[in-house]
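Asker: Right, I'll just put the structure down here and ask away after.
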Amino acid sequence: MARTVFIFLTLILLFSCSDPQKKPIKIAINPWPGYEFLYLAQHLDLYNKANLQVEIIQVSTLADGQRAYLNGHVDGFASTLVEAVQVEAHGAPPVEIVLLADYSNGGDVILANKTFTSINDLKGATIGCEVNSLGLYFLARALEKYNLSISDVSVKHVEQSQGLDALNSKEIDAFISYPPYSLKVLADPQYQQIFSSAAIPSEILDVVSISKTVLIANPDLKAKLQHVWTLALDYHKQHPDKANQVMAQREGITIEEFEDTLNDLKILDMSEQRAIVKTNRVSELALSVCHTLTQVNSISSDCAHTEHIINMKTF
């Protein structure tokens with residue numbers, strides 16, 4: 001009997017040792033109200049409750065999140081569709097979109113001194129933006145709306161944290177930004193908003209992308225992330241004041257500022273995400289983004305990879 005028990009315990013030990021705990025999935029996220037629901041999920045311990053090992057890696061900007069993935073420091077990242085389209089063209093492992101977080105309908109902005117009143121006034125001006133991420137694409141689309149192009153302005157790479165200083169020192173005439181960074185610029189009365197993503201509705205799509213290799217190795221990852229997203233949104237609906245307080249504090253802004261920025265977004269629940277995916281809107285938008293990026297020499301690509309950036313069957 002003792003021998004049988006010993007053998008049984010030995011087998012348990014062997015099996016437990018042969019199945020070591022998997023490493024957590026690392027996801028890079030920069031400050032942006034739409035991504036805060038992923039942090040809210042962490043605050044509420046929803047990942048662990050879903051038996052999902054996720055490590056949120058804090059970065060400063062969209063470009064930083066993209067760089068973290070390009071350098072192999074993370075398994076995925078939250079970003080706009082622009083950065084998701086760019087990474088494979090830059091030679092990184094292919095990604096797949098696992099969540100559609102939100103549409104920016106006013107959150108992304110072009111800010112300028114009050115001597116500039118419209119995009120038309122920017123002809124010949126120097127524009128500051130993160131040239132390797134959303135900034136250059138957003139600028140190109142804004143100029144296009146006014147029958148201008150990138151060749152009509154000078155573009156200078158400026159990180160989000162440096163935008164206000166660059167404006168104050170006259171290094172740039174306008175700056176492409178988003179909350180919470182844009183709020184700091186607009187707190188200075190000499191600057192104003194002259195363009196926002198509201199003028200190109202439903203075009204600036206924020207997503208969470210994960211390495212396809214990681215998704216293959218973790219076949220339940222996508223469904224669990226989507227479930228956690230739903231739980232976080234449900235909590236926000238049931239306890240908006242508590243949730244907004246947690247998220248605003250992380251963003252470093254007031255609750256009122258955070259609530260105002262949410263008004264410039266369309267946070268997408270899973271039913272809304274599935275409806276968008278079924279229309280093939282994401283694939284079409286990814287292709288359009290890729291074509292624009294190639295036109296402004298942000299990437300060199302035939303854009304064929306955009307056909308596989310999202311798996312409609314798993315939404």
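Identifiers for the structure tokens are assigned positionally: chains receive A, B, ... in sequence, residues are indexed from 1 per chain, and ligands are indexed from 1 in the order shown.
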If you count only C-alpha atoms, which residues fall within 12 Å of Leu262 in chain A, apart from same-chain ones fewer than 2 positions away, as number ranges by chain?
Answerer: A: 32-37, 102-108, 178-180, 240, 244, 247-248, 255-260, 264-268
Asker: Taking the DSSP secondary structure from the backbone, can you list the residues of range 37-103 of chain A that are strand (DSSP E), as a list of chain:residue names?
Answerer: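 Here is the list: A:Val54, A:Glu55, A:Ile56, A:Ile57, A:Gln58, A:Gly76, A:Phe77, A:Ala78, A:Ser79, A:Thr80, A:Val95, A:Glu96, A:Ile97, A:Val98, A:Leu99, A:Leu100, A:Ala101, A:Asp102, A:Tyr103.
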Asker: Write out, as an mmCIF file, in the first residue's frame, the residues just selected, with N, CA and C atoms.
Answerer:
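Saved result, out_37.cif, follows:
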```cif
data_model
loop_
_atom_site.group_PDB
_atom_site.id
_atom_site.type_symbol
_atom_site.label_atom_id
_atom_site.label_comp_id
_atom_site.auth_asym_id
_atom_site.auth_seq_id
_atom_site.Cartn_x
_atom_site.Cartn_y
_atom_site.Cartn_z
ATOM 1 N N VAL A 54 -1.252 37.757 -17.812
ATOM 2 C CA VAL A 54 -0.943 38.920 -18.640
ATOM 3 C C VAL A 54 -0.140 39.914 -17.818
ATOM 4 N N GLU A 55 0.910 40.438 -18.415
ATOM 5 C CA GLU A 55 1.703 41.482 -17.779
ATOM 6 C C GLU A 55 1.615 42.745 -18.633
ATOM 7 N N ILE A 56 1.033 43.786 -18.058
ATOM 8 C CA ILE A 56 0.902 45.061 -18.757
ATOM 9 C C ILE A 56 2.222 45.823 -18.628
ATOM 10 N N ILE A 57 2.819 46.163 -19.764
ATOM 11 C CA ILE A 57 4.088 46.890 -19.776
ATOM 12 C C ILE A 57 3.814 48.348 -20.110
ATOM 13 N N GLN A 58 4.084 49.229 -19.165
ATOM 14 C CA GLN A 58 3.820 50.655 -19.352
ATOM 15 C C GLN A 58 4.871 51.280 -20.270
ATOM 16 N N GLY A 76 2.839 41.688 -27.544
ATOM 17 C CA GLY A 76 1.781 42.416 -28.227
ATOM 18 C C GLY A 76 1.741 43.845 -27.728
ATOM 19 N N PHE A 77 0.837 44.622 -28.282
ATOM 20 C CA PHE A 77 0.782 46.032 -27.914
ATOM 21 C C PHE A 77 -0.583 46.611 -28.259
ATOM 22 N N ALA A 78 -0.964 47.626 -27.515
ATOM 23 C CA ALA A 78 -2.153 48.411 -27.827
ATOM 24 C C ALA A 78 -1.697 49.594 -28.675
ATOM 25 N N SER A 79 -2.469 49.913 -29.704
ATOM 26 C CA SER A 79 -2.048 50.974 -30.610
ATOM 27 C C SER A 79 -3.213 51.352 -31.507
ATOM 28 N N THR A 80 -2.971 52.292 -32.404
ATOM 29 C CA THR A 80 -3.926 52.510 -33.475
ATOM 30 C C THR A 80 -3.656 51.448 -34.546
ATOM 31 N N VAL A 95 1.507 40.099 -36.676
ATOM 32 C CA VAL A 95 0.573 40.226 -35.553
ATOM 33 C C VAL A 95 -0.849 39.967 -36.035
ATOM 34 N N GLU A 96 -1.691 39.680 -35.079
ATOM 35 C CA GLU A 96 -3.123 39.552 -35.352
ATOM 36 C C GLU A 96 -3.879 40.413 -34.346
ATOM 37 N N ILE A 97 -4.863 41.131 -34.821
ATOM 38 C CA ILE A 97 -5.683 41.965 -33.941
ATOM 39 C C ILE A 97 -6.615 41.072 -33.136
ATOM 40 N N VAL A 98 -6.586 41.254 -31.814
ATOM 41 C CA VAL A 98 -7.429 40.431 -30.944
ATOM 42 C C VAL A 98 -8.553 41.231 -30.298
ATOM 43 N N LEU A 99 -8.422 42.550 -30.294
ATOM 44 C CA LEU A 99 -9.457 43.417 -29.731
ATOM 45 C C LEU A 99 -9.543 44.708 -30.537
ATOM 46 N N LEU A 100 -10.741 45.206 -30.725
ATOM 47 C CA LEU A 100 -10.962 46.554 -31.245
ATOM 48 C C LEU A 100 -11.385 47.394 -30.052
ATOM 49 N N ALA A 101 -10.474 48.203 -29.540
ATOM 50 C CA ALA A 101 -10.744 48.913 -28.292
ATOM 51 C C ALA A 101 -11.719 50.073 -28.470
ATOM 52 N N ASP A 102 -11.450 50.907 -29.468
ATOM 53 C CA ASP A 102 -12.288 52.103 -29.636
ATOM 54 C C ASP A 102 -12.014 52.753 -30.975
ATOM 55 N N TYR A 103 -12.927 53.637 -31.346
ATOM 56 C CA TYR A 103 -12.705 54.579 -32.431
ATOM 57 C C TYR A 103 -12.429 55.941 -31.792
#
```
Asker: At a cut-off of 12 Å, using only C-alpha atoms, what residues contact Lys23 in chain A? Leave out same-chain residues fewer than 3 positions from it and give the result as a PyMOL selection string.
Answerer: chain A and resi 19-20+26+52-55+74-75+214+217-218
Asker: Considering only C-alpha atoms, can you say which of A:Asn30, A:His43, A:Gly72, A:Leu231 comes closest to Ser211 in chain A?
Answerer: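 That would be A:Gly72, the residue with the smallest distance to Ser211 in chain A.
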Asker: Taking only C-alpha atoms into account, which of A:Thr314, A:His236, A:Ser60, A:Ala89 comes nearest Asp220 in chain A?
Answerer: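 Using only C-alpha atoms, Asp220 in chain A sits closest to A:Thr314.
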Asker: What does the distance between CA of Thr230 in chain A and CA of Val207 in chain A come to in Å, to one decimal place?
Answerer: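 Interatomic distance here is 14.8 Å.
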Asker: Mind checking which residues fall within 6 Å of Tyr191 in chain A, counting only C-alpha atoms, ignoring those fewer than 3 positions away in the same chain, and posting them as a count of residues only?
Answerer: 4
Asker: Which of these, A:Leu136, A:Ala125, A:Val208, A:Ile194, has the shortest distance to Asp173 in chain A once you count only C-alpha atoms?
Answerer: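 Result for the nearest residue to Asp173 in chain A: A:Ala125.
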Asker: Residues near Leu143 in chain A, anyone? I mean within 9 Å using only C-alpha atoms, not counting same-chain ones fewer than 6 positions away, as a list in words.
Answerer: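 The residues that qualify are Ile119, Asn120, Leu122, Ser149, Ile150 and Asp152 of chain A.
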Asker: For the selection you just gave me, I'd like the residues written to a file as an mmCIF file, in the first residue's frame, keeping N, CA and C atoms.
Answerer:
```cif
data_model
loop_
_atom_site.group_PDB
_atom_site.id
_atom_site.type_symbol
_atom_site.label_atom_id
_atom_site.label_comp_id
_atom_site.auth_asym_id
_atom_site.auth_seq_id
_atom_site.Cartn_x
_atom_site.Cartn_y
_atom_site.Cartn_z
ATOM 1 N N ILE A 119 -6.423 74.202 -41.001
ATOM 2 C CA ILE A 119 -5.379 73.416 -41.648
ATOM 3 C C ILE A 119 -4.773 74.175 -42.827
ATOM 4 N N ASN A 120 -5.583 74.950 -43.529
ATOM 5 C CA ASN A 120 -5.076 75.726 -44.669
ATOM 6 C C ASN A 120 -3.935 76.656 -44.262
ATOM 7 N N LEU A 122 -1.603 76.051 -42.338
ATOM 8 C CA LEU A 122 -0.376 75.303 -42.054
ATOM 9 C C LEU A 122 0.524 75.155 -43.282
ATOM 10 N N SER A 149 -0.951 68.322 -49.103
ATOM 11 C CA SER A 149 -0.217 67.071 -48.940
ATOM 12 C C SER A 149 0.986 67.289 -48.030
ATOM 13 N N ILE A 150 1.669 66.199 -47.708
ATOM 14 C CA ILE A 150 2.844 66.268 -46.845
ATOM 15 C C ILE A 150 3.902 67.202 -47.437
ATOM 16 N N ASP A 152 3.502 69.945 -48.709
ATOM 17 C CA ASP A 152 3.158 71.352 -48.475
ATOM 18 C C ASP A 152 3.599 71.848 -47.103
#
```
Asker: Considering only alpha helix (DSSP H) as DSSP defines it on the backbone, what residues of range 133-290 of chain A qualify? List them as a VMD selection string.
Answerer: chain A and resid 134 to 145 163 to 168 181 to 186 212 to 217 221 to 238 240 to 251 255 to 262 270 to 278 281 to 290
Asker: If I take CA of Val158 in chain A and CA of Val59 in chain A, how far is one from the other in Å, to one decimal?
Answerer: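 CA of Val59 in chain A lies at a distance of 16.2 Å from CA of Val158 in chain A.
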Asker: Could you tell me how far CA of Asp64 in chain A lies from CA of Glu130 in chain A, in Å and to one decimal?
Answerer: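 These two atoms are separated by 10.1 Å.
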Asker: Out of A:Ile110, A:Leu81, A:Ala92, A:Ile127, which residue has the shortest atom-to-atom distance to Leu287 in chain A when counting only C-alpha atoms?
Answerer: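 Residue with the minimum atom-to-atom distance to Leu287 in chain A: A:Leu81.
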